[in-house]
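Chemist: Just one file: final.txt, with compact mmCIF, C-alpha atoms.
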```
# COMPACT_ATOMS: atom_id res chain seq x y z
CA MET A 8 -5.31 -56.93 -47.73
CA GLN A 9 -7.64 -54.12 -46.72
CA PRO A 10 -7.83 -53.37 -42.97
CA GLU A 11 -11.14 -54.18 -41.28
CA ARG A 12 -13.63 -51.31 -41.46
CA ARG A 13 -14.22 -49.80 -38.03
CA ARG A 14 -17.43 -48.22 -36.81
CA TRP A 15 -16.75 -44.69 -35.57
CA ILE A 16 -19.48 -42.79 -33.72
CA ALA A 17 -18.78 -39.31 -32.33
CA HIS A 18 -20.56 -37.40 -29.59
CA LEU A 19 -20.01 -33.65 -29.88
CA ASP A 20 -20.89 -31.59 -26.81
CA MET A 21 -20.51 -27.82 -26.70
CA ASP A 22 -18.56 -26.63 -23.65
CA ALA A 23 -20.68 -24.72 -21.08
CA PHE A 24 -22.73 -23.64 -24.07
CA TYR A 25 -24.96 -20.86 -22.72
CA ALA A 26 -22.17 -19.38 -20.63
CA SER A 27 -19.73 -19.54 -23.55
CA VAL A 28 -22.16 -17.67 -25.81
CA GLU A 29 -22.47 -14.97 -23.15
CA LEU A 30 -18.68 -14.68 -22.92
CA LEU A 31 -18.59 -13.89 -26.63
CA ARG A 32 -20.96 -11.01 -25.90
CA TYR A 33 -19.08 -9.91 -22.77
CA PRO A 34 -15.42 -10.85 -23.36
CA GLU A 35 -14.34 -8.87 -20.30
CA LEU A 36 -15.81 -11.71 -18.18
CA ALA A 37 -13.41 -14.34 -19.55
CA GLY A 38 -11.91 -16.41 -16.73
CA GLN A 39 -14.39 -15.14 -14.14
CA PRO A 40 -17.11 -17.15 -12.40
CA VAL A 41 -20.31 -16.43 -14.32
CA VAL A 42 -23.74 -17.95 -13.68
CA ILE A 43 -26.56 -17.90 -16.23
CA GLY A 44 -30.11 -18.03 -14.92
CA ALA A 45 -31.44 -14.59 -14.06
CA GLY A 46 -34.26 -12.51 -15.51
CA ARG A 47 -34.26 -9.34 -17.53
CA ARG A 48 -33.88 -7.16 -14.46
CA HIS A 49 -30.33 -8.51 -14.22
CA GLN A 50 -29.25 -7.22 -17.62
CA PRO A 51 -25.79 -5.59 -17.52
CA VAL A 52 -25.89 -1.79 -17.38
CA LEU A 53 -23.73 0.20 -19.80
CA LEU A 54 -21.97 3.01 -17.93
CA PRO A 55 -20.96 6.43 -19.34
CA ASP A 56 -17.29 5.39 -19.54
CA GLY A 57 -18.18 2.47 -21.80
CA THR A 58 -17.76 -0.24 -19.17
CA ARG A 59 -20.58 -2.41 -17.89
CA ARG A 60 -21.95 -2.97 -14.41
CA PHE A 61 -22.93 -6.60 -13.86
CA ALA A 62 -25.26 -8.09 -11.28
CA ARG A 63 -23.65 -10.27 -8.61
CA LEU A 64 -25.01 -13.46 -7.13
CA ARG A 65 -24.76 -12.06 -3.60
CA ASP A 66 -27.49 -9.52 -4.41
CA TYR A 67 -29.95 -12.07 -5.84
CA THR A 68 -33.23 -12.85 -4.11
CA GLY A 69 -35.84 -15.20 -5.52
CA ARG A 70 -36.42 -18.77 -6.61
CA GLY A 71 -34.35 -18.80 -9.77
CA VAL A 72 -32.08 -21.68 -10.67
CA ALA A 73 -28.77 -21.76 -12.51
CA THR A 74 -29.17 -22.76 -16.13
CA THR A 75 -25.42 -23.21 -16.50
CA ALA A 76 -22.17 -21.73 -15.25
CA THR A 77 -18.67 -21.13 -16.50
CA TYR A 78 -15.99 -23.58 -15.46
CA ALA A 79 -14.62 -20.98 -13.03
CA ALA A 80 -18.01 -20.94 -11.27
CA ARG A 81 -18.19 -24.74 -11.33
CA ASP A 82 -14.86 -24.85 -9.54
CA LEU A 83 -16.60 -22.97 -6.71
CA GLY A 84 -19.33 -25.60 -6.48
CA VAL A 85 -22.02 -24.04 -8.67
CA HIS A 86 -23.75 -26.35 -11.14
CA SER A 87 -26.77 -26.49 -13.43
CA ALA A 88 -30.22 -26.69 -11.76
CA MET A 89 -28.83 -25.35 -8.45
CA GLY A 90 -30.96 -22.69 -6.81
CA LEU A 91 -29.43 -19.26 -7.26
CA MET A 92 -29.76 -18.50 -3.55
CA LYS A 93 -27.72 -21.61 -2.77
CA ALA A 94 -25.27 -20.73 -5.54
CA ALA A 95 -24.85 -17.29 -3.95
CA GLN A 96 -23.65 -18.95 -0.75
CA ARG A 97 -20.92 -20.77 -2.68
CA ALA A 98 -19.93 -18.00 -5.08
CA PRO A 99 -21.28 -14.66 -3.83
CA ASP A 100 -19.03 -12.61 -6.13
CA ALA A 101 -19.96 -14.55 -9.28
CA ILE A 102 -21.45 -12.53 -12.14
CA LEU A 103 -25.17 -13.18 -12.73
CA LEU A 104 -26.52 -12.94 -16.29
CA PRO A 105 -30.01 -13.43 -17.75
CA VAL A 106 -30.81 -16.26 -20.14
CA ASP A 107 -31.14 -15.45 -23.85
CA PHE A 108 -32.61 -18.51 -25.54
CA ASP A 109 -32.92 -16.81 -28.93
CA GLU A 110 -29.17 -16.21 -29.02
CA TYR A 111 -28.39 -19.76 -27.90
CA ARG A 112 -30.63 -21.22 -30.61
CA ARG A 113 -28.89 -19.04 -33.19
CA TYR A 114 -25.48 -20.39 -32.20
CA SER A 115 -26.89 -23.91 -32.07
CA ARG A 116 -28.04 -23.66 -35.67
CA ARG A 117 -24.67 -22.22 -36.61
CA PHE A 118 -22.52 -25.01 -35.15
CA LYS A 119 -24.78 -27.75 -36.50
CA ALA A 120 -24.68 -26.27 -40.00
CA ALA A 121 -20.88 -26.16 -39.82
CA VAL A 122 -20.66 -29.80 -38.72
CA ALA A 123 -22.98 -30.86 -41.55
CA GLU A 124 -20.31 -29.77 -44.00
CA VAL A 125 -18.09 -32.57 -42.68
CA THR A 126 -20.75 -35.29 -42.42
CA PRO A 127 -24.51 -35.27 -43.00
CA LEU A 128 -25.09 -38.25 -40.68
CA ILE A 129 -26.08 -36.22 -37.62
CA GLU A 130 -28.43 -37.10 -34.77
CA ASP A 131 -29.66 -33.96 -33.02
CA ARG A 132 -29.82 -34.51 -29.26
CA GLY A 133 -30.58 -30.97 -28.15
CA ILE A 134 -29.45 -27.40 -28.37
CA ASP A 135 -25.81 -28.18 -27.56
CA GLU A 136 -25.07 -31.81 -28.43
CA ILE A 137 -25.17 -34.15 -31.41
CA TYR A 138 -24.08 -37.64 -32.48
CA LEU A 139 -22.27 -38.17 -35.78
CA ASP A 140 -21.43 -41.30 -37.75
CA LEU A 141 -17.86 -40.80 -38.99
CA SER A 142 -17.38 -44.34 -40.32
CA ASP A 143 -17.53 -43.34 -43.99
CA VAL A 144 -16.03 -39.86 -43.77
CA PRO A 145 -13.02 -39.77 -46.13
CA GLY A 146 -9.84 -40.55 -44.21
CA ALA A 147 -11.55 -41.82 -41.06
CA GLN A 148 -10.49 -45.43 -41.68
CA GLU A 149 -6.88 -44.58 -42.54
CA PRO A 150 -3.89 -44.65 -40.17
CA LEU A 151 -1.83 -41.50 -39.87
CA GLY A 152 1.89 -42.10 -39.47
CA HIS A 153 2.37 -44.55 -36.65
CA ASP A 154 -1.09 -43.84 -35.20
CA PRO A 155 -3.60 -46.48 -36.37
CA LEU A 156 -6.42 -44.17 -35.21
CA GLY A 157 -4.83 -41.08 -36.70
CA GLY A 158 -7.36 -40.77 -39.51
CA VAL A 159 -10.47 -40.60 -37.36
CA ARG A 160 -8.61 -38.44 -34.84
CA ALA A 161 -7.85 -35.96 -37.63
CA VAL A 162 -11.49 -35.94 -38.74
CA ALA A 163 -12.62 -35.22 -35.18
CA GLN A 164 -10.06 -32.45 -34.86
CA GLU A 165 -11.35 -30.92 -38.08
CA LEU A 166 -14.85 -30.98 -36.59
CA ARG A 167 -13.61 -29.05 -33.57
CA ASN A 168 -11.81 -26.54 -35.78
CA THR A 169 -14.91 -26.14 -37.96
CA VAL A 170 -17.11 -25.42 -34.94
CA ARG A 171 -14.66 -22.87 -33.59
CA ARG A 172 -14.38 -21.09 -36.96
CA ALA A 173 -18.17 -20.93 -37.30
CA THR A 174 -19.00 -19.86 -33.75
CA GLY A 175 -15.87 -18.86 -31.84
CA LEU A 176 -16.81 -21.55 -29.29
CA SER A 177 -15.10 -24.72 -28.14
CA CYS A 178 -16.59 -28.19 -28.02
CA SER A 179 -15.54 -31.58 -26.71
CA ILE A 180 -15.76 -34.72 -28.82
CA GLY A 181 -15.68 -38.37 -27.87
CA VAL A 182 -15.14 -40.92 -30.66
CA THR A 183 -15.68 -44.63 -30.00
CA PRO A 184 -17.36 -47.60 -31.70
CA ASN A 185 -20.81 -46.68 -30.33
CA LYS A 186 -23.06 -43.97 -28.91
CA LEU A 187 -22.98 -45.18 -25.32
CA LEU A 188 -19.20 -45.01 -25.05
CA SER A 189 -18.92 -41.79 -27.06
CA LYS A 190 -21.29 -40.03 -24.66
CA ILE A 191 -18.98 -40.99 -21.78
CA ALA A 192 -15.80 -40.21 -23.73
CA SER A 193 -16.87 -36.66 -24.61
CA GLU A 194 -16.84 -35.82 -20.89
CA LEU A 195 -13.44 -37.29 -20.10
CA ASP A 196 -11.25 -34.41 -21.29
CA LYS A 197 -13.58 -31.40 -21.07
CA PRO A 198 -13.36 -28.57 -21.85
CA ASP A 199 -12.07 -28.40 -25.42
CA GLY A 200 -11.28 -32.10 -25.36
CA LEU A 201 -10.85 -34.81 -27.97
CA THR A 202 -10.97 -38.43 -26.83
CA VAL A 203 -10.75 -41.44 -29.17
CA LEU A 204 -11.28 -44.85 -27.56
CA THR A 205 -11.62 -48.45 -28.69
CA LEU A 206 -12.99 -51.39 -26.73
CA ALA A 207 -9.42 -52.16 -25.71
CA ASP A 208 -9.46 -48.93 -23.66
CA LEU A 209 -12.38 -50.02 -21.47
CA PRO A 210 -10.29 -51.28 -18.53
CA THR A 211 -8.19 -48.12 -18.22
CA ARG A 212 -10.54 -45.29 -19.26
CA ILE A 213 -14.11 -46.49 -18.66
CA TRP A 214 -14.17 -49.11 -15.91
CA PRO A 215 -12.70 -46.87 -13.17
CA LEU A 216 -15.61 -44.41 -13.59
CA PRO A 217 -18.71 -44.36 -11.34
CA VAL A 218 -21.66 -46.38 -12.67
CA ARG A 219 -23.76 -43.20 -12.93
CA ARG A 220 -21.55 -42.06 -15.81
CA ILE A 221 -23.41 -44.58 -17.99
CA ASN A 222 -26.33 -42.76 -19.57
CA GLY A 223 -29.31 -44.84 -18.51
CA ILE A 224 -28.30 -45.54 -14.91
CA GLY A 225 -30.29 -43.12 -12.79
CA PRO A 226 -30.35 -42.36 -9.07
CA LYS A 227 -32.52 -45.33 -8.10
CA ALA A 228 -30.55 -47.90 -10.10
CA GLY A 229 -27.30 -46.32 -8.88
CA ALA A 230 -28.41 -46.62 -5.25
CA LYS A 231 -29.48 -50.22 -5.76
CA LEU A 232 -26.14 -51.06 -7.34
CA ALA A 233 -24.32 -49.35 -4.46
CA ALA A 234 -26.28 -51.49 -2.01
CA LEU A 235 -24.92 -54.50 -3.89
CA GLY A 236 -21.38 -53.14 -3.53
CA VAL A 237 -21.20 -52.03 -7.18
CA ARG A 238 -19.93 -48.47 -7.52
CA THR A 239 -17.71 -48.40 -10.59
CA ILE A 240 -18.37 -49.49 -14.14
CA GLY A 241 -15.61 -52.07 -13.75
CA GLU A 242 -17.35 -53.56 -10.72
CA LEU A 243 -20.54 -53.67 -12.76
CA ALA A 244 -18.74 -55.42 -15.62
CA ALA A 245 -17.48 -58.04 -13.16
CA GLN A 246 -21.02 -59.03 -12.18
CA PRO A 247 -22.41 -62.14 -13.87
CA ARG A 248 -25.28 -61.39 -16.24
CA ALA A 249 -27.48 -63.79 -14.27
CA THR A 250 -26.88 -61.83 -11.07
CA LEU A 251 -27.87 -58.53 -12.66
CA ILE A 252 -30.98 -60.10 -14.19
CA GLU A 253 -31.91 -61.54 -10.79
CA HIS A 254 -31.82 -58.09 -9.18
CA PHE A 255 -32.97 -55.85 -12.04
CA GLY A 256 -35.06 -58.03 -14.34
CA ARG A 257 -34.26 -59.64 -17.65
CA ALA A 258 -34.38 -56.52 -19.85
CA TYR A 259 -32.68 -53.93 -17.63
CA GLY A 260 -30.31 -56.39 -15.98
CA GLY A 261 -29.15 -57.64 -19.38
CA TRP A 262 -28.71 -54.08 -20.58
CA LEU A 263 -26.59 -53.20 -17.53
CA HIS A 264 -24.27 -56.09 -18.32
CA ASP A 265 -23.96 -55.07 -21.98
CA ALA A 266 -23.44 -51.39 -21.13
CA ALA A 267 -20.66 -52.15 -18.65
CA HIS A 268 -18.87 -54.09 -21.39
CA GLY A 269 -19.32 -51.25 -23.90
CA ARG A 270 -21.84 -53.02 -26.12
CA ASP A 271 -24.30 -50.76 -27.96
CA ASP A 272 -25.47 -51.19 -31.56
CA ARG A 273 -27.89 -48.25 -31.78
CA PRO A 274 -27.60 -46.39 -35.09
CA VAL A 275 -27.24 -42.65 -35.50
CA VAL A 276 -30.83 -41.54 -36.15
CA THR A 277 -30.81 -38.61 -38.53
CA HIS A 278 -34.54 -37.86 -38.21
CA SER A 279 -37.05 -38.34 -35.41
CA GLU A 280 -40.53 -37.05 -34.71
CA PRO A 281 -41.37 -35.25 -31.44
CA VAL A 282 -44.05 -36.85 -29.30
CA SER A 283 -45.16 -33.61 -27.64
CA MET A 284 -44.41 -29.92 -27.29
CA SER A 285 -44.83 -27.90 -24.13
CA ARG A 286 -44.19 -24.61 -22.41
CA GLU A 287 -44.07 -23.99 -18.68
CA THR A 288 -43.00 -21.30 -16.25
CA THR A 289 -42.29 -20.97 -12.54
CA PHE A 290 -43.15 -17.85 -10.56
CA GLU A 291 -40.97 -15.73 -8.29
CA ARG A 292 -43.82 -15.74 -5.75
CA ASP A 293 -46.69 -18.17 -5.37
CA LEU A 294 -49.86 -17.08 -7.18
CA HIS A 295 -53.45 -17.91 -6.29
CA ALA A 296 -56.16 -18.70 -8.81
CA ARG A 297 -58.54 -16.18 -7.21
CA ALA A 298 -56.31 -13.43 -5.83
CA ASP A 299 -53.98 -13.41 -8.87
CA ARG A 300 -56.44 -14.43 -11.58
CA ALA A 301 -55.49 -11.56 -13.90
CA ALA A 302 -51.81 -12.43 -13.78
CA LEU A 303 -52.45 -16.18 -14.11
CA GLY A 304 -54.91 -15.63 -16.95
CA ALA A 305 -52.32 -13.65 -18.90
CA ILE A 306 -49.63 -16.26 -18.26
CA PHE A 307 -51.96 -19.12 -19.17
CA THR A 308 -52.95 -17.44 -22.44
CA ARG A 309 -49.38 -16.70 -23.38
CA LEU A 310 -48.23 -20.27 -22.71
CA CYS A 311 -50.97 -21.51 -25.04
CA GLU A 312 -49.91 -19.01 -27.69
CA GLN A 313 -46.29 -20.08 -27.39
CA VAL A 314 -47.11 -23.78 -27.75
CA ALA A 315 -49.32 -22.96 -30.75
CA ALA A 316 -46.49 -20.98 -32.34
CA ASP A 317 -44.09 -23.89 -31.78
CA LEU A 318 -46.54 -26.33 -33.39
CA GLN A 319 -47.23 -24.12 -36.39
CA ARG A 320 -43.58 -23.30 -36.95
CA ARG A 321 -42.70 -27.02 -37.12
CA GLY A 322 -45.83 -28.09 -38.99
CA TYR A 323 -47.56 -30.17 -36.30
CA ALA A 324 -50.97 -30.38 -34.68
CA GLY A 325 -51.99 -32.38 -31.61
CA ARG A 326 -55.05 -34.06 -30.17
CA THR A 327 -54.06 -34.39 -26.49
CA ILE A 328 -53.94 -31.11 -24.56
CA GLY A 329 -52.49 -31.17 -21.06
CA ILE A 330 -51.63 -28.94 -18.14
CA LYS A 331 -49.04 -29.18 -15.39
CA LEU A 332 -49.41 -27.45 -12.04
CA ARG A 333 -47.03 -27.35 -9.10
CA PHE A 334 -48.41 -26.06 -5.83
CA ASP A 335 -46.72 -24.28 -2.93
CA ASP A 336 -46.30 -27.62 -1.14
CA PHE A 337 -44.33 -28.89 -4.24
CA ARG A 338 -47.11 -31.32 -5.16
CA THR A 339 -47.31 -31.65 -8.95
CA VAL A 340 -50.58 -32.35 -10.75
CA THR A 341 -51.14 -33.07 -14.46
CA ARG A 342 -54.37 -33.36 -16.41
CA ASP A 343 -54.99 -34.24 -20.08
CA HIS A 344 -57.90 -33.86 -22.47
CA THR A 345 -58.06 -35.61 -25.84
CA LEU A 346 -59.86 -33.86 -28.69
CA PRO A 347 -61.61 -35.55 -31.63
CA ALA A 348 -59.24 -33.91 -34.13
CA PRO A 349 -55.74 -32.37 -33.98
CA VAL A 350 -55.44 -28.63 -33.35
CA ALA A 351 -52.59 -26.15 -33.54
CA ASP A 352 -54.21 -22.78 -32.79
CA ALA A 353 -53.95 -20.99 -29.47
CA LYS A 354 -57.69 -20.56 -28.97
CA SER A 355 -58.44 -24.29 -29.26
CA ILE A 356 -55.46 -25.20 -27.07
CA ARG A 357 -56.52 -22.73 -24.40
CA ARG A 358 -60.11 -23.95 -24.45
CA ALA A 359 -59.07 -27.58 -23.98
CA ALA A 360 -56.43 -26.70 -21.37
CA GLY A 361 -59.06 -24.70 -19.52
CA GLN A 362 -61.24 -27.79 -19.33
CA CYS A 363 -58.30 -29.59 -17.73
CA LEU A 364 -58.01 -26.80 -15.15
CA LYS A 365 -61.62 -27.36 -14.10
CA ARG A 366 -60.62 -30.84 -12.93
CA VAL A 367 -58.06 -29.53 -10.43
CA ASP A 368 -58.59 -28.21 -6.91
CA LEU A 369 -57.04 -24.73 -7.10
CA SER A 370 -57.42 -23.79 -3.45
CA ARG A 371 -53.64 -23.81 -2.86
CA ARG A 372 -51.21 -21.31 -4.28
CA LEU A 373 -49.29 -22.16 -7.44
CA ARG A 374 -45.56 -21.99 -8.13
CA LEU A 375 -45.52 -23.50 -11.65
CA LEU A 376 -47.87 -23.64 -14.62
CA GLY A 377 -47.39 -25.49 -17.91
CA VAL A 378 -49.29 -26.36 -21.09
CA ARG A 379 -48.55 -29.38 -23.29
CA VAL A 380 -49.81 -30.68 -26.64
CA GLY A 381 -49.28 -34.37 -27.42
CA ALA A 382 -50.43 -37.06 -29.85
CA LEU A 383 -48.78 -35.00 -32.59
CA ALA A 384 -49.41 -35.39 -36.30
CA ARG A 385 -48.07 -33.58 -39.32
CA GLY A 386 -50.30 -30.88 -40.71
CA GLY A 387 -50.21 -28.17 -38.05
CA SER A 388 -49.01 -25.56 -40.53
CA ALA A 389 -52.53 -25.27 -41.92
CA ALA A 390 -53.98 -24.40 -38.51
CA PRO A 391 -55.69 -21.04 -38.00
CA ALA A 392 -53.53 -18.06 -37.13
CA LEU A 393 -52.93 -17.23 -33.50
CA ALA A 394 -55.76 -15.30 -31.92
CA PRO A 395 -54.80 -12.26 -29.85
CA ALA A 396 -54.74 -12.76 -26.11
CA SER A 397 -57.57 -10.31 -25.55
CA THR A 398 -60.04 -12.66 -27.26
CA HIS A 399 -59.40 -15.26 -24.54
CA ALA A 400 -59.47 -13.10 -21.46
CA GLY A 401 -63.11 -12.19 -21.04
CA GLY A 402 -64.40 -15.43 -19.62
CA TRP A 403 -64.15 -14.30 -16.00
CA ARG A 404 -67.25 -12.09 -16.34
CA ALA A 405 -69.17 -15.06 -17.63
CA ALA A 406 -67.81 -17.06 -14.73
CA ALA A 407 -69.03 -14.43 -12.29
CA ALA A 408 -72.47 -14.89 -13.78
CA GLY A 409 -72.21 -18.63 -13.19
CA THR A 410 -72.21 -19.71 -16.84
CA SER A 411 -70.65 -22.93 -18.11
CA ASP A 412 -67.85 -20.95 -19.81
CA GLU A 413 -66.07 -20.36 -16.51
CA LEU A 414 -62.33 -21.02 -16.57
CA PRO A 415 -60.37 -20.70 -13.33
CA PHE A 416 -57.70 -18.34 -14.73
CA ASP A 417 -59.90 -16.12 -16.91
CA ALA A 418 -59.79 -12.42 -16.08
CA PRO A 419 -61.60 -9.26 -17.19
CA ALA A 420 -60.58 -7.98 -20.60
CA ASP A 421 -59.38 -4.73 -19.05
CA ALA A 422 -57.26 -6.46 -16.40
CA PRO A 423 -53.56 -5.55 -16.29
CA THR A 424 -51.53 -7.66 -18.70
CA ASP A 425 -48.35 -7.47 -16.65
CA ALA A 426 -47.88 -10.52 -14.46
CA PRO A 427 -46.12 -9.25 -11.33
CA GLY A 428 -43.82 -11.53 -9.42
CA GLN A 429 -43.42 -14.15 -12.09
CA ARG A 430 -40.13 -15.81 -12.87
CA ARG A 431 -39.82 -15.95 -16.62
CA ASP A 432 -38.44 -19.36 -17.23
CA ALA A 433 -39.09 -22.88 -18.48
CA LEU A 434 -38.28 -26.08 -16.63
CA GLY A 435 -36.48 -23.92 -14.11
CA LEU A 436 -34.58 -22.09 -16.84
CA ARG A 437 -35.17 -18.40 -17.39
CA GLY A 438 -36.24 -17.24 -20.79
CA GLY A 439 -37.03 -13.98 -22.52
CA THR A 440 -40.35 -12.25 -21.97
CA GLN A 441 -43.14 -10.70 -23.94
CA ALA A 442 -45.65 -8.14 -22.80
CA GLN A 443 -48.30 -10.34 -21.28
CA ALA A 444 -46.55 -13.35 -19.82
CA PRO A 445 -43.31 -15.32 -19.75
CA GLN A 446 -41.55 -16.39 -22.91
CA ALA A 447 -40.92 -19.90 -21.69
CA ALA A 448 -38.42 -22.04 -23.52
CA PRO A 449 -39.97 -24.61 -25.87
CA VAL A 450 -39.74 -28.27 -24.96
CA ALA A 451 -40.08 -30.88 -27.70
CA ALA A 452 -40.24 -34.26 -26.05
CA ARG A 453 -38.21 -36.98 -27.70
CA ALA A 454 -36.94 -40.46 -27.05
CA PRO A 455 -34.34 -40.51 -24.25
CA ASP A 456 -30.70 -40.74 -25.21
CA THR A 457 -30.31 -44.29 -23.98
CA GLN A 458 -31.25 -47.80 -24.95
CA ALA A 459 -31.79 -48.82 -21.34
CA PRO A 460 -35.12 -50.56 -20.70
CA SER A 461 -37.14 -49.42 -17.73
CA ALA A 462 -35.80 -50.75 -14.49
```
Any chance you could give the structure as structure tokens?
Modeler:
Amino acid sequence: MQPERRRWIAHLDMDAFYASVELLRYPELAGQPVVIGAGRRHQPVLLPDGTRRFARLRDYTGRGVATTATYAARDLGVHSAMGLMKAAQRAPDAILLPVDFDEYRRYSRRFKAAVAEVTPLIEDRGIDEIYLDLSDVPGAQEPLGHDPLGGVRAVAQELRNTVRRATGLSCSIGVTPNKLLSKIASELDKPDGLTVLTLADLPTRIWPLPVRRINGIGPKAGAKLAALGVRTIGELAAQPRATLIEHFGRAYGGWLHDAAHGRDDRPVVTHSEPVSMSRETTFERDLHARADRAALGAIFTRLCEQVAADLQRRGYAGRTIGIKLRFDDFRTVTRDHTLPAPVADAKSIRRAAGQCLKRVDLSRRLRLLGVRVGALARGGSAAPALAPASTHAGGWRAAAAGTSDELPFDAPADAPTDAPGQRRDALGLRGGTQAQAPQAAPVAARAPDTQAPSA
């Protein structure tokens, strides 16, 4: 009699990915607290004796945030999205390195290509994590010696070995019957961990964990559960379904009950379409639409060019053009404009985004600027080539004359193209730069990694 076929879903998460890539480049930093999140001015300096001088957190000034940190830095209390000034208080002697998104993307492609040699059923969840369906991988259903889960454990170990051979980096893998549990399991034995669980392991490995470890329970739901005396997943599992529905609604309350009991039938989705693409950047100092119009005009143009390049590279065009502004009082404003037909060229995106800017009061100083293209459709590869930035920058003279072409960030064509005081990053993460404005990291919006309905 053949044993029952098990469903095996793996979640593979690279360990401290950005920091680990940097340690390959600077092996002398192994074991030291290292924080990634600075700009190009914090590049290591090669000294005459062949050693390098690295920037230290204690010397940092500005608004930057930590993109990631090595585990040694995390032990000192530094974590992702923490302000670098705050991080400097906790780990003043930590090494500070700039972000290099191009290098991280290269290693991302490398580890995903290596994994695809083991199984093609891969769901891409970002630059450093993926889901895999191992159910039909040869050997996954077989016991190994006295270990009934030995076959799938061996497959997962081979995945880890394959990633290390291809990249020199470690990863952690959680293997369970579904995506929800595998996401949790991949964190249990980090770094360089391998965790295989069945539903029988729920009481000992999953239920003692805080409810926030379930992907789909955010701060608000977590606080509401805490108010009800529910702090662990086990306490959540002990709640009657009817009670959770009473407090959270039929959809979300029912989902909470299912999640606490490890129920999740979502498939591994091997292909999905993005819903939008965006670029944004935050500045080292607040900029004003009038006093800093040359700098803002250059940044605005470059963001539009970067979004256009992202669209064209992936073969998309979009009809809805949007902007995002964050002011010095931390108020965030968004505006959208829908075009009659999809576009993918920088000039059209900038024109539509400029119309959005006209609908915003720009009297306050700005700390963040972003451009987004949504309502995507295939076909962007046929869009016109990117227009040079100089063709967009002359509108300020027309504005001075009071014409209808005025855009708030337009500047004279001979204005300086350097944007002083800007922090070159995206979503709080520093990126590389180009001559005229920040090289913000691309953001392709996608469905969230959870089946949880809205609370």
Chemist: Give me, please, the distance in Å between CA of Ala23 (chain A) and CA of Asn168 (chain A), quoted to one decimal.
Modeler: 17.3 Å
Chemist: Tell me, in Å to one decimal, how far CA of Thr277 (chain A) is from CA of Thr126 (chain A).
Modeler: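 About the pair CA of Thr277 (chain A) and CA of Thr126 (chain A): they are 11.3 Å apart.
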Chemist: Taking into account all atoms listed in the file, which residue in the set A:Leu310, A:Arg326, A:Leu188, A:Thr288 is nearest to Arg270 (chain A)?
Modeler: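 Nearest candidate to Arg270 (chain A) out of A:Leu310, A:Arg326, A:Leu188, A:Thr288: A:Leu188.
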Chemist: For region 376-378 of chain A, list every protein, DNA or RNA residue within 7 Å, evaluated using all atoms listed in the file, and leave out those in the same chain fewer than 2 positions away; present the list as a list in words.
Modeler: Ser285, Arg286, Glu287, Thr288, Thr289, Leu310, Cys311, Gly329, Ile330, Lys331, Leu332 and Arg333 of chain A
Chemist: Just give me the gap between CA of Ser370 (chain A) and CA of Phe334 (chain A) in Å, one decimal is fine.
Modeler: 9.6 Å
Chemist: The residues within 12 Å of (-20.8, -50.3, -6.9), using all atoms listed in the file and the coordinates of the file, should be reported as a PyMOL selection string; which are they?
Modeler: chain A and resi 214-219+224+228-246+267
Chemist: Write out as CSV a residue-level contact list of region 13-59 of chain A versus region 175-187 of chain A with cut-off 8 Å: for each qualifying residue the closest pair of atoms and the distance in Å to one decimal, counting all atoms listed in the file, rows sorted by chain and residue number upward.
Modeler:
```
residue,atom,partner,partner_atom,distance
A:Arg13,CA,A:Pro184,CA,7.4
A:Arg14,CA,A:Pro184,CA,5.1
A:Trp15,CA,A:Pro184,CA,4.9
A:Ile16,CA,A:Asn185,CA,5.3
A:Ala17,CA,A:Val182,CA,4.3
A:His18,CA,A:Gly181,CA,5.3
A:Leu19,CA,A:Ile180,CA,4.5
A:Asp20,CA,A:Ser179,CA,5.4
A:Met21,CA,A:Cys178,CA,4.2
A:Asp22,CA,A:Cys178,CA,5.0
A:Ser27,CA,A:Leu176,CA,6.7
A:Val28,CA,A:Leu176,CA,7.5
A:Leu31,CA,A:Gly175,CA,7.7
```
Chemist: List the neighbours of His86 (chain A) out to 9 Å using all atoms listed in the file; skip same-chain residues closer than 3 positions along the sequence, and give me the result as a VMD selection string.
Modeler: chain A and resid 42 73 to 76 80 to 81 89 94
Chemist: Starting from the sparse input, extend region 175-181 of chain A to N, CA and C atoms and give the output as an mmCIF file, in the frame of the given file.
Modeler:
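The resulting out.cif:
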```
data_model
loop_
_atom_site.group_PDB
_atom_site.id
_atom_site.type_symbol
_atom_site.label_atom_id
_atom_site.label_comp_id
_atom_site.auth_asym_id
_atom_site.auth_seq_id
_atom_site.Cartn_x
_atom_site.Cartn_y
_atom_site.Cartn_z
ATOM 1 N N GLY A 175 -16.768 -19.397 -32.843
ATOM 2 C CA GLY A 175 -15.870 -18.860 -31.840
ATOM 3 C C GLY A 175 -15.917 -19.618 -30.533
ATOM 4 N N LEU A 176 -16.613 -20.763 -30.506
ATOM 5 C CA LEU A 176 -16.810 -21.550 -29.290
ATOM 6 C C LEU A 176 -16.044 -22.856 -29.364
ATOM 7 N N SER A 177 -15.766 -23.418 -28.197
ATOM 8 C CA SER A 177 -15.100 -24.720 -28.140
ATOM 9 C C SER A 177 -16.126 -25.815 -27.882
ATOM 10 N N CYS A 178 -15.753 -27.020 -28.274
ATOM 11 C CA CYS A 178 -16.590 -28.190 -28.020
ATOM 12 C C CYS A 178 -15.676 -29.339 -27.632
ATOM 13 N N SER A 179 -16.265 -30.358 -27.036
ATOM 14 C CA SER A 179 -15.540 -31.580 -26.710
ATOM 15 C C SER A 179 -16.153 -32.734 -27.472
ATOM 16 N N ILE A 180 -15.296 -33.621 -27.984
ATOM 17 C CA ILE A 180 -15.760 -34.720 -28.820
ATOM 18 C C ILE A 180 -15.204 -36.030 -28.285
ATOM 19 N N GLY A 181 -16.085 -37.008 -28.164
ATOM 20 C CA GLY A 181 -15.680 -38.370 -27.870
ATOM 21 C C GLY A 181 -15.963 -39.239 -29.077
#
```
